[in-house]
4 protein chains.
Amino acid sequence: MDIKEEQDIKREFQLERVILFSDAVFAIIITIMVLEIKLPEGMRHASTEKLEGSFIELLPKLAAYIFAFFITGMFWAKHLKLFSYLKDYTKQLIIYNLIFLFFITLFPFGVSVMAETLSPKNYEGFYVYLTVIMLALFAHTLLTGYLVRNAQQLCIKPNQIKINLEWKAQKFNFIAIPALFIYAIAGIHYKFNPEVFSYGFLLWAIAFGVIRKRL
Amino acid sequence: MDIKEEQDIKREFQLERVILFSDAVFAIIITIMVLEIKLPEGMRHASTEKLEGSFIELLPKLAAYIFAFFITGMFWAKHLKLFSYLKDYTKQLIIYNLIFLFFITLFPFGVSVMAETLSPKNYEGFYVYLTVIMLALFAHTLLTGYLVRNAQQLCIKPNQIKINLEWKAQKFNFIAIPALFIYAIAGIHYKFNPEVFSYGFLLWAIAFGVIRKRL
Amino acid sequence: MDIKEEQDIKREFQLERVILFSDAVFAIIITIMVLEIKLPEGMRHASTEKLEGSFIELLPKLAAYIFAFFITGMFWAKHLKLFSYLKDYTKQLIIYNLIFLFFITLFPFGVSVMAETLSPKNYEGFYVYLTVIMLALFAHTLLTGYLVRNAQQLCIKPNQIKINLEWKAQKFNFIAIPALFIYAIAGIHYKFNPEVFSYGFLLWAIAFGVIRKRL
Amino acid sequence: MDIKEEQDIKREFQLERVILFSDAVFAIIITIMVLEIKLPEGMRHASTEKLEGSFIELLPKLAAYIFAFFITGMFWAKHLKLFSYLKDYTKQLIIYNLIFLFFITLFPFGVSVMAETLSPKNYEGFYVYLTVIMLALFAHTLLTGYLVRNAQQLCIKPNQIKINLEWKAQKFNFIAIPALFIYAIAGIHYKFNPEVFSYGFLLWAIAFGVIRKRL
């Protein structure tokens with residue numbers, strides 16, 4: 001093996017480290033959220049009725065965990081797809097990836113807020129979690145954007161990268177997600193009915209779906 | 001290296017990511033269950049008698065952990081075997097794998113319920129944990145089924161895959177596990193003696209063992 | 001690449017999975033022990049004196065963590081060395097490895113007992129932790145023994161394996177560790193002075209050191 | 001494949017194990033710090049005002065986590081760079097690496113002290129965290145020093161290693177960090193104003209920046 005080839009292999013291993021580090025972060029996040037779902041202490045000598053009551057109190061937490069598990073899994077699958085086009089890395093890529101991972105690590109916080117506060121008269125926790133998801137999506141768009149701009153240096157088949165990553169649909173998030181946040185902050189300021197938030201998110205979801213299909 | 005070969009290697013690395021991500025989830029699950037086993041706080045100035053009492057109270061938790069550690073280890077070994085036949089992956093495979101991992105992540109919850117509530121007059125916690133194990137087994141059967149159906153595309157030596165994965169025995173779970181759950185729910189509804197559950201699980205275990213041997 | 005070679009690579013990847021799974025378990029164990037070291041809640045508005053008092057109370061926990069971190073690191077280095085001689089795996093190897101990992105996962109429990117109870121008049125916690133370490137060492141000896149017995153099938157350079165793994169010194173643990181436990185149980189039964197335990201452990205350490213040097 | 005080549009590959013895999021073990025430790029550390037950020041229990045039936053108050057109380061913890069996440073990420077990127085020059089490992093390297101990882105594992109403790117105690121009249125927690133960071137930096141310098149001294153055996157392109165690792169700037173830490181600690185201890189002893197500490201850290205940061213630029 002000559003030195004050039006050895007260096008190439010080394011460089012490829014660096015990229016693998018970045019990827020496997022990200023995988024480990026995803027695996028920890030997707031797993032520690034389950035620690036939320038717990039019976040209260042001191043159930044050993046409780047009556048069957050009290051035990052059943054405790055189980056019923058766990059149901060919203062379980063629902064939140066199922067939702068969060070598959071959302072996190074979906075982000076991991078997105079990361080898997082995105083990095084499958086990479087052949088090299090740069091310092092900036094590592095930073096963008098860390099920013100993306102940062103918002104992923106906020107998921108357990110978002111889920112715990114949702115599971116702790118959600119009730120028929122209180123949707124705030126759900127909005128906190130939606131906010132974290134939207135921020136992670138925005139960071140994912142930033143990361144994708146960096147890849148597209150530096151495709152010649154970083155990607156396999158750089159000419160097809162925009163099509164492969166559905167860049168035209170992704171690009172929509174650059175404007176739509178900040179717009180959604182401005183709308184939401186305005187909503188808080190003018191004390192709209194909380195359901196107004198839902199309409200904003202719904203609008204974004206429909207618009208993104210339509211754009212994705214048409215391209 | 002030509003482009004075709006490079007893409008093949010890339011694709012193989014994607015499959016490795018799926019596998020190593022699963023391994024990380026298993027490693028976390030098998031490890032965090034130990035955090036359950038803990039002395040109560042403020043033991044620094046306790047008398048030797050009180051300390052010994054605390055240790056004795058830990059024994060059922062330790063037993064539950066030993067049981068859960070090796071059950072989780074067994075599922076990991078099953079995953080190791082299953083994926084050793086894979087040469088490619090699809091989006092559906094990732095989803096089936098995530099569903100399987102989801103039920104694995106419920107293990108710490110199942111163990112904690114069992115350790116927290118098990119007592120001579122209360123077997124409910126044990127049934128909760130058995131339920132989680134059966135669900136994980138069912139998800140494993142679904143995953144195996146997907147592999148068998150797509151063996152030509154996904155597997156090494158596709159013609160032998162049914163024999164290698166003991167598919168005829170596995171297939172039994174498709175009917176037996178849902179049947180077990182219907183039986184269990186009927187049992188709860190008609191307020192059977194809890195021991196009736198044990199008979200159901202026992203029956204399943206014996207039937208599965210017999211089928212596995214005969215094939 | 002012909003089928004034979006492909007299968008060899010697959011098999012080698014299985015072995016890597018076993019190894020990286022073990023690494024992940026070690027990494028989690030070595031890391032979660034730090035979660036023990038924590039200031040009590042509600043320190044935000046405490047006086048400087050109270051804060052300093054809290055720090056001083058943390059010192060034995062910190063000492064226990066430093067000790068445990070490097071003991072765990074040492075076991076990981078032993079595992080690294082042991083598996084560097086492997087070229088294949090069997091189902092039994094996976095089971096022996098899981099048993100070894102099981103005792104490693106008990107480390108956080110041992111450390112927490114030690115940190116929680118150790119005081120000038122109470123050494124029990126320290127003995128609990130020493131017991132866990134000795135059990136891990138015994139499981140390591142069992143694993144090494146399995147490798148030595150199946151060296152032709154499993155190891156690189158099978159003829160040198162006994163020398164490479166210092167088998168003659170390791171073998172001593174087969175008798176010495178169970179002997180130590182019998183001695184300790186007898187000690188508990190006859191209510192010896194707790195210091196008697198220390199003599200047992202010390203004796204084992206000296207004997208093992210001498211044997212290792214002479215071979 | 002002849003035996004020599006097989007051994008080389010084996011050896012390279014050992015080095016990868018050391019690296020991936022370190023990555024797993026980093027991934028766990030960077031992730032578990034988020035568990036600090038949590039709403040207090042029993043928020044399900046709280047009023048909106050109380051809920052908003054709880055969120056505001058979380059803000060310093062969130063700020064501490066953001067800071068800690070990117071500091072940890074920076075140390076991981078340093079580790080990535082450092083190990084990209086390695087082609088072999090020794091027992092000493094593993095020990096130096098474990099010492100470095102040890103101080104990284106203290107990060108969650110440092111962050112939790114900072115988040116728990118920081119207030120306008122109390123900077124002590126911040127100094128605890130800064131101390132942990134400086135110790136990690138010192139351990140990193142020790143590790144780099146070991147690499148530089150053994151470059152012929154351990155590194156790719158050993159003749160350029162000092163330039164690649166900015167060794168002249170790094171070397172400065174050998175004296176500057178211990179000096180900083182002596183200064184800090186003297187500061188505590190003579191009951192300086194806590195702001196004096198800040199000056200020390202600031203001075204180090206400026207000096208290190210200047211030296212790094214000039215070389």
# chains A, B, ... in the order shown; residues from 1 in each chain; ligands from 1

$ interface_residues --of "chain B" --to "chain A" --cutoff "6 Å" --atoms "only C-alpha atoms" --output "list in words"
Phe21, Ala24, Val25, Glu116 and Thr117 of chain B

$ write_last_selection --atoms "N, CA, C and O atoms" --output "compact mmCIF listing (two decimals), in the first residue's frame"
# COMPACT_ATOMS: atom_id res chain seq x y z
N PHE B 21 -25.91 0.60 14.99
CA PHE B 21 -26.92 1.38 15.72
C PHE B 21 -27.75 0.45 16.60
O PHE B 21 -27.99 0.75 17.78
N ALA B 24 -25.75 -0.62 19.58
CA ALA B 24 -25.64 0.42 20.61
C ALA B 24 -26.92 0.46 21.45
O ALA B 24 -26.85 0.57 22.67
N VAL B 25 -28.08 0.34 20.78
CA VAL B 25 -29.34 0.32 21.53
C VAL B 25 -29.37 -0.87 22.50
O VAL B 25 -29.68 -0.71 23.68
N GLU B 116 -40.41 -3.94 41.02
CA GLU B 116 -41.08 -3.03 41.96
C GLU B 116 -42.30 -3.68 42.61
O GLU B 116 -42.65 -3.34 43.74
N THR B 117 -42.96 -4.59 41.87
CA THR B 117 -44.26 -5.06 42.37
C THR B 117 -44.32 -6.54 42.73
O THR B 117 -45.25 -6.95 43.41

$ residues_around --residues "region 138-148 of chain A" --least-positions-apart "2" --cutoff "10 Å" --atoms "only C-alpha atoms" --output "PyMOL selection string"
chain A and resi 75+78-79+82-83+85-86+89+92-104+132-136+150-155+158-162+165-167+170-178

$ closest_residue --among "B:Lys10, B:His189, B:Arg212, B:Lys121" --to "Ile163 (chain B)" --atoms "only C-alpha atoms"
B:Arg212

$ atom_distance --atom1 "CA of Glu124 (chain A)" --atom2 "CA of Ala179 (chain A)"
19.6 Å

$ atom_distance --atom1 "CA of Phe181 (chain B)" --atom2 "CA of Arg214 (chain B)"
25.2 Å

$ atom_distance --atom1 "CA of Leu202 (chain D)" --atom2 "CA of Ile56 (chain C)"
27.8 Å
